[in-house]
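What follows is the content of protein.cif, which has mmCIF, C-alpha atoms:
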data_run
loop_
_atom_site.label_atom_id
_atom_site.label_comp_id
_atom_site.auth_asym_id
_atom_site.auth_seq_id
_atom_site.Cartn_x
_atom_site.Cartn_y
_atom_site.Cartn_z
CA VAL A 1 -88.17 -57.79 27.56
CA LYS A 2 -85.46 -55.18 27.88
CA ARG A 3 -85.87 -52.48 25.25
CA PHE A 4 -83.18 -51.73 22.73
CA ARG A 5 -81.34 -48.49 23.50
CA TYR A 6 -80.41 -47.64 19.92
CA ALA A 7 -77.25 -45.46 19.84
CA LEU A 8 -76.72 -46.13 23.56
CA ASP A 9 -76.60 -49.88 23.00
CA PRO A 10 -73.26 -51.16 24.35
CA LEU A 11 -72.30 -52.74 21.04
CA ALA A 12 -73.09 -49.55 19.11
CA LEU A 13 -71.07 -47.47 21.56
CA ALA A 14 -68.14 -49.88 21.41
CA ALA A 15 -68.23 -49.97 17.60
CA GLY A 16 -68.34 -46.18 17.37
CA ALA A 17 -65.46 -45.84 19.82
CA ALA A 18 -63.43 -48.45 17.95
CA TYR A 19 -64.02 -46.65 14.65
CA ALA A 20 -63.02 -43.28 16.13
CA ALA A 21 -59.91 -44.74 17.77
CA ASN A 22 -58.83 -46.44 14.55
CA ARG A 23 -59.45 -43.34 12.48
CA TRP A 24 -58.06 -40.62 14.71
CA LEU A 25 -55.89 -42.18 17.40
CA VAL A 26 -53.92 -44.93 15.71
CA PRO A 27 -51.12 -43.46 13.55
CA ALA A 28 -51.29 -44.48 9.91
CA ALA A 29 -47.79 -45.91 10.08
CA ALA A 30 -48.82 -48.26 12.85
CA LYS A 31 -51.79 -49.68 10.98
CA GLY A 32 -51.54 -52.99 9.22
CA PRO A 33 -53.52 -53.88 6.10
CA PHE A 34 -56.55 -55.01 8.12
CA LEU A 35 -56.82 -51.79 10.15
CA ARG A 36 -56.28 -49.69 7.01
CA GLY A 37 -58.82 -51.62 4.98
CA HIS A 38 -61.58 -53.74 6.42
CA PHE A 39 -61.71 -52.91 10.11
CA ALA A 40 -64.07 -49.98 9.55
CA ASP A 41 -66.22 -52.11 7.24
CA LEU A 42 -66.69 -54.66 10.03
CA LEU A 43 -68.08 -51.90 12.25
CA LEU A 44 -70.59 -50.52 9.74
CA ILE A 45 -73.67 -52.49 10.83
CA PRO A 46 -72.97 -52.48 14.61
CA ALA A 47 -72.31 -48.73 14.66
CA ALA A 48 -74.70 -47.35 12.05
CA LEU A 49 -77.73 -49.62 12.16
CA PRO A 50 -78.87 -48.57 15.66
CA LEU A 51 -78.83 -44.92 14.57
CA MET A 52 -80.91 -45.73 11.49
CA LEU A 53 -83.41 -47.68 13.59
CA TRP A 54 -83.67 -44.73 15.97
CA VAL A 55 -84.53 -42.47 13.03
CA TYR A 56 -87.14 -44.97 11.80
CA ARG A 57 -88.62 -45.15 15.28
CA HIS A 58 -89.04 -41.41 15.44
CA LEU A 59 -90.46 -41.24 11.92
CA GLY A 60 -93.06 -43.87 12.72
CA LEU A 61 -91.43 -46.43 10.42
CA ARG A 62 -90.61 -48.79 13.29
CA ASP A 63 -93.31 -49.65 15.80
CA HIS A 64 -91.32 -51.28 18.59
CA ASP A 65 -88.12 -50.96 20.63
CA ARG A 66 -86.91 -54.52 20.31
CA ARG A 67 -83.36 -55.38 19.31
CA PRO A 68 -82.61 -55.33 15.56
CA GLY A 69 -84.12 -58.32 13.80
CA GLY A 70 -82.62 -60.42 11.03
CA GLY A 71 -84.76 -58.71 8.39
CA GLU A 72 -83.61 -55.25 9.46
CA VAL A 73 -79.98 -56.33 9.43
CA LEU A 74 -80.33 -57.97 6.01
CA LEU A 75 -82.12 -54.95 4.53
CA HIS A 76 -79.34 -52.61 5.60
CA LEU A 77 -76.58 -55.02 4.67
CA GLY A 78 -78.02 -55.19 1.15
CA ALA A 79 -78.78 -51.49 0.83
CA TRP A 80 -75.40 -50.38 2.15
CA SER A 81 -73.51 -52.90 0.04
CA LEU A 82 -75.35 -51.64 -3.02
CA ALA A 83 -74.75 -48.01 -2.08
CA ALA A 84 -71.07 -48.39 -1.18
CA GLU A 85 -69.96 -50.89 -3.80
CA GLY A 86 -72.48 -50.43 -6.64
CA ILE A 87 -73.65 -46.82 -6.74
CA GLY A 88 -70.98 -44.97 -4.75
CA PRO A 89 -68.00 -45.75 -7.00
CA ARG A 90 -69.93 -44.33 -9.99
CA LEU A 91 -70.69 -41.10 -8.14
CA PHE A 92 -67.62 -40.41 -6.02
CA ALA A 93 -64.10 -40.43 -7.41
CA ARG A 94 -62.39 -41.71 -4.27
CA ALA A 95 -64.84 -44.59 -3.72
CA THR A 96 -63.76 -47.97 -5.04
CA ALA A 97 -65.73 -51.18 -5.35
CA ASP A 98 -64.29 -54.19 -3.54
CA GLY A 99 -66.07 -57.47 -2.94
CA TRP A 100 -64.11 -58.03 0.27
CA ASP A 101 -65.77 -54.92 1.69
CA VAL A 102 -69.13 -56.66 1.34
CA ALA A 103 -67.70 -59.73 3.07
CA ALA A 104 -66.54 -57.49 5.93
CA TYR A 105 -69.98 -55.82 6.18
CA ALA A 106 -71.56 -59.29 6.29
CA ALA A 107 -69.16 -60.54 8.95
CA GLY A 108 -69.85 -57.47 11.09
CA ALA A 109 -73.58 -57.90 10.58
CA ALA A 110 -73.48 -61.56 11.57
CA GLY A 111 -71.45 -60.80 14.67
CA ALA A 112 -73.74 -57.94 15.66
CA LEU A 113 -76.87 -60.03 15.15
CA LEU A 114 -75.45 -62.81 17.29
CA TRP A 115 -74.45 -60.33 19.99
CA TRP A 116 -77.83 -58.57 20.04
CA HIS A 117 -79.73 -61.83 20.37
CA LEU A 118 -77.46 -64.15 22.32
CA SER A 119 -76.26 -61.60 24.86
CA HIS A 120 -79.80 -60.96 26.12
CA VAL A 121 -81.08 -64.51 26.47
CA PRO A 122 -82.30 -64.79 30.08
CA ALA A 123 -80.37 -67.42 31.93
CA GLN A 124 -82.41 -70.37 33.19
CA PRO A 125 -81.01 -71.62 36.50
CA ALA A 126 -80.37 -75.32 36.17
CA PRO A 127 -81.76 -77.35 39.07
CA THR A 128 -79.17 -79.22 41.02
CA SER A 129 -79.42 -82.98 41.16
CA ALA A 130 -79.86 -82.77 44.93
CA GLY A 131 -82.74 -80.34 44.51
CA VAL A 132 -84.47 -82.59 41.98
CA THR A 133 -84.03 -85.61 44.26
CA LEU A 134 -85.54 -83.71 47.18
CA GLN A 135 -88.49 -82.56 45.09
CA VAL A 136 -89.15 -86.15 43.94
CA LEU A 137 -88.89 -87.43 47.51
CA ILE A 138 -91.45 -84.96 48.83
CA GLY A 139 -93.80 -85.72 45.98
CA CYS A 140 -93.44 -82.48 44.09
CA ARG A 141 -92.56 -82.25 40.42
CA PRO A 142 -89.56 -80.03 39.63
CA SER A 143 -91.42 -77.03 38.24
CA PRO A 144 -91.32 -73.30 39.02
CA GLY A 145 -94.58 -73.58 40.97
CA CYS A 146 -93.30 -76.33 43.19
CA ARG A 147 -92.71 -75.30 46.80
CA GLN A 148 -91.10 -77.32 49.49
CA ARG A 149 -93.13 -77.83 52.61
CA VAL B 150 -107.27 -46.71 17.03
CA ILE B 151 -108.84 -44.18 14.70
CA ASP B 152 -109.07 -40.62 15.92
CA GLY B 153 -111.71 -38.61 14.14
CA GLY B 154 -110.06 -37.82 10.84
CA GLY B 155 -109.18 -41.39 9.96
CA GLN B 156 -105.54 -41.00 10.95
CA PRO B 157 -104.22 -43.97 12.94
CA GLU B 158 -103.04 -42.86 16.34
CA HIS B 159 -99.43 -43.76 16.97
CA PRO B 160 -99.26 -45.84 20.15
CA ARG B 161 -96.09 -44.13 21.37
CA ARG B 162 -96.89 -40.60 20.24
CA PRO B 163 -96.72 -38.27 23.25
CA LYS B 164 -99.79 -36.23 24.06
CA LEU B 165 -98.98 -32.67 23.10
CA PRO B 166 -100.51 -29.79 25.00
CA GLU B 167 -102.99 -27.79 22.99
CA PRO B 168 -102.12 -24.13 22.37
CA ALA B 169 -104.52 -21.61 23.80
CA ASP B 170 -106.39 -19.23 21.53
CA GLU B 171 -103.97 -16.41 22.23
CA ASP B 172 -101.16 -18.57 20.86
CA LEU B 173 -102.87 -18.73 17.48
CA GLY B 174 -103.78 -15.94 15.14
CA HIS B 175 -102.95 -14.54 11.73
CA ASP B 176 -99.32 -15.45 12.26
CA GLY B 177 -100.45 -18.58 14.07
CA PHE B 178 -97.81 -20.90 12.69
CA ASP B 179 -94.83 -19.13 14.16
CA ARG B 180 -96.60 -18.52 17.44
CA ARG B 181 -97.63 -22.15 17.65
CA VAL B 182 -94.03 -23.28 17.15
CA ASP B 183 -93.04 -20.85 19.86
CA PHE B 184 -95.77 -22.26 22.10
CA TYR B 185 -94.49 -25.81 21.67
CA ARG B 186 -90.93 -24.66 22.21
CA ARG B 187 -91.92 -23.06 25.49
CA THR B 188 -94.05 -25.90 26.78
CA MET B 189 -92.04 -28.98 25.78
CA PRO B 190 -89.77 -30.39 28.47
CA THR B 191 -86.79 -31.53 26.35
CA PRO B 192 -85.13 -30.65 23.06
CA PHE B 193 -86.46 -33.92 21.70
CA ALA B 194 -89.96 -32.56 22.02
CA LEU B 195 -89.39 -30.51 18.87
CA PHE B 196 -88.89 -33.85 17.13
CA PRO B 197 -91.69 -35.95 18.58
CA ARG B 198 -92.33 -39.39 17.23
CA MET B 199 -94.24 -38.84 14.06
CA ASN B 200 -96.51 -41.03 12.07
CA LEU B 201 -95.95 -39.82 8.54
CA LEU B 202 -98.03 -42.47 6.87
CA PRO B 203 -101.77 -42.03 6.44
CA ALA B 204 -103.91 -45.10 6.98
CA SER B 205 -104.54 -45.53 3.26
CA THR B 206 -100.92 -46.17 2.26
CA PRO B 207 -100.13 -49.67 0.96
CA ALA B 208 -98.61 -52.13 3.40
CA TYR B 209 -95.25 -52.15 1.62
CA THR B 210 -94.77 -48.36 1.87
CA PRO B 211 -92.86 -48.43 5.20
CA PHE B 212 -90.50 -51.01 3.73
CA LEU B 213 -89.88 -48.86 0.64
CA LEU B 214 -89.30 -45.78 2.79
CA ARG B 215 -86.83 -47.67 4.96
CA LEU B 216 -85.07 -48.96 1.84
CA LEU B 217 -84.80 -45.45 0.37
CA LEU B 218 -83.55 -44.00 3.65
CA ALA B 219 -81.03 -46.83 3.98
CA LEU B 220 -79.74 -46.24 0.44
CA GLY B 221 -79.46 -42.51 1.10
CA ALA B 222 -77.61 -43.10 4.35
CA GLY B 223 -75.30 -45.60 2.63
CA LEU B 224 -74.42 -43.07 -0.06
CA ALA B 225 -73.86 -40.41 2.58
CA ILE B 226 -71.53 -42.73 4.50
CA CYS B 227 -69.74 -43.58 1.25
CA ALA B 228 -69.27 -39.92 0.41
CA LEU B 229 -68.25 -38.72 3.86
CA LEU B 230 -66.09 -41.53 5.25
#
This structure in structure tokens:
Amino acid sequence: VKRFRYALDPLALAAGAAYAANRWLVPAAAKGPFLRGHFADLLLIPAALPLMLWVYRHLGLRDHDRRPGGGEVLLHLGAWSLAAEGIGPRLFARATADGWDVAAYAAGAAGALLWWHLSHVPAQPAPTSAGVTLQVLIGCRPSPGCRQR
Amino acid sequence: VIDGGGQPEHPRRPKLPEPADEDLGHDGFDRRVDFYRRTMPTPFALFPRMNLLPASTPAYTPFLLRLLLALGAGLAICALL
């Protein structure tokens, strides 16, 4: 199993680059409501979760290098929603609570989870019908251990 | 795996070289840090993978620590970005 590369994971790198580009490269006048509002929220889990998992790994709070699991994603989705929409607006004047932010975090988390798990499924080569026919004809079941004589 | 003092050995913890006697002394702490700084191959060696939790901590402690760290990071992100 290929180990997770934390901040060097392609999705984390792409999310970080997209956040930086949206924040510093795209002029404010050129941004529509989505880019001004929820685009960065979508990138929260893909960009920040790998860094957190890297910290846990080095603190001994994570004992493997597998890709982020559903429990890890859910824990951070809940904690960061609570921090950003529940606690943050009471502590910081410029922070505002918005339920759509949580929806954007959740959408980003779902997309990231799908990417991390579906993009690394090893492809199983499908046997061709001709190959199966040949294996049946020579009396060999179509299995990985089957060799043609 | 239990190593002597009852501390579970972290499976991925790198084996650190032991400082020689001349690296220790009355001001041993600073000299030991200097020893590790000189002998470690990368900057990450000053931040090796740690196992902060003694064997006697309850099973839910890592989860609580992760939750607290996640909340702290969330507040930091909220304040900074």
Near Phe212 of chain B, within 12 Å and counting all atoms listed in the file, which residues show up once chain neighbours fewer than 2 positions away are dropped, as JSON, numbers by chain? {"A": [56, 60, 61, 62, 71, 72, 75, 76], "B": [202, 206, 207, 208, 209, 210, 214, 215, 216, 217, 218, 219]}
Name the residues captured by the PyMOL selection byres ((chain A and resi 115) around 12) when it is applied to the shown file; answer as a VMD selection string. chain A and resid 9 to 12 46 67 to 69 108 to 114 116 to 121
Go ahead and write the selection's residues with C-alpha atoms as a PDB file, keeping the file's coordinate frame.
ATOM      1  CA  ASP A   9     -76.600 -49.880  23.000  1.00  0.00           C
ATOM      2  CA  PRO A  10     -73.260 -51.160  24.350  1.00  0.00           C
ATOM      3  CA  LEU A  11     -72.300 -52.740  21.040  1.00  0.00           C
ATOM      4  CA  ALA A  12     -73.090 -49.550  19.110  1.00  0.00           C
ATOM      5  CA  PRO A  46     -72.970 -52.480  14.610  1.00  0.00           C
ATOM      6  CA  ARG A  67     -83.360 -55.380  19.310  1.00  0.00           C
ATOM      7  CA  PRO A  68     -82.610 -55.330  15.560  1.00  0.00           C
ATOM      8  CA  GLY A  69     -84.120 -58.320  13.800  1.00  0.00           C
ATOM      9  CA  GLY A 108     -69.850 -57.470  11.090  1.00  0.00           C
ATOM     10  CA  ALA A 109     -73.580 -57.900  10.580  1.00  0.00           C
ATOM     11  CA  ALA A 110     -73.480 -61.560  11.570  1.00  0.00           C
ATOM     12  CA  GLY A 111     -71.450 -60.800  14.670  1.00  0.00           C
ATOM     13  CA  ALA A 112     -73.740 -57.940  15.660  1.00  0.00           C
ATOM     14  CA  LEU A 113     -76.870 -60.030  15.150  1.00  0.00           C
ATOM     15  CA  LEU A 114     -75.450 -62.810  17.290  1.00  0.00           C
ATOM     16  CA  TRP A 116     -77.830 -58.570  20.040  1.00  0.00           C
ATOM     17  CA  HIS A 117     -79.730 -61.830  20.370  1.00  0.00           C
ATOM     18  CA  LEU A 118     -77.460 -64.150  22.320  1.00  0.00           C
ATOM     19  CA  SER A 119     -76.260 -61.600  24.860  1.00  0.00           C
ATOM     20  CA  HIS A 120     -79.800 -60.960  26.120  1.00  0.00           C
ATOM     21  CA  VAL A 121     -81.080 -64.510  26.470  1.00  0.00           C
TER      22      VAL A 121
END
Going by the chain IDs and residue numbers used in this file, which residues fall under the PyMOL selection byres ((chain A) within 8 of (chain B))? Write them as a list in words. Met52, Tyr56, Arg57, His58, Leu59, Gly60, Leu61, Leu75, His76, Ala79, Trp80, Ser81, Leu82, Ala83, Ala84, Ile87, Gly88, Phe92 and Ala95 of chain A
Going by the chain IDs and residue numbers used in this file, which residues fall under the PyMOL selection byres ((chain A and resi 6) around 8)? Write them as an mmCIF file with C-alpha atoms, in the coordinates of the input.
data_model
loop_
_atom_site.group_PDB
_atom_site.id
_atom_site.type_symbol
_atom_site.label_atom_id
_atom_site.label_comp_id
_atom_site.auth_asym_id
_atom_site.auth_seq_id
_atom_site.Cartn_x
_atom_site.Cartn_y
_atom_site.Cartn_z
ATOM 1 C CA PHE A 4 -83.180 -51.730 22.730
ATOM 2 C CA ARG A 5 -81.340 -48.490 23.500
ATOM 3 C CA ALA A 7 -77.250 -45.460 19.840
ATOM 4 C CA LEU A 8 -76.720 -46.130 23.560
ATOM 5 C CA ASP A 9 -76.600 -49.880 23.000
ATOM 6 C CA ALA A 12 -73.090 -49.550 19.110
ATOM 7 C CA PRO A 50 -78.870 -48.570 15.660
ATOM 8 C CA LEU A 51 -78.830 -44.920 14.570
ATOM 9 C CA LEU A 53 -83.410 -47.680 13.590
ATOM 10 C CA TRP A 54 -83.670 -44.730 15.970
#
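Reported to one decimal place, the separation of atom CA of Arg3 of chain A from atom CA of Ala40 of chain A is 27.0 Å.
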Between atom CA of Ile45 of chain A and atom CA of Gly16 of chain A - distance in Å to one decimal: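 Result for atom CA of Gly16 of chain A versus atom CA of Ile45 of chain A: 10.5 Å, one decimal.
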Please indicate the distance in Å from atom CA of Leu42 of chain A to atom CA of Lys2 of chain A, rounded to one decimal place.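 For atom CA of Leu42 of chain A relative to atom CA of Lys2 of chain A, the distance reads 25.9 Å.
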Point (-61.0, -44.6, 11.1), cut-off 10 Å, counting all atoms listed in the file, residues as a ChimeraX atom specification: /A:16-26,28,35-37,39-41 /B:230
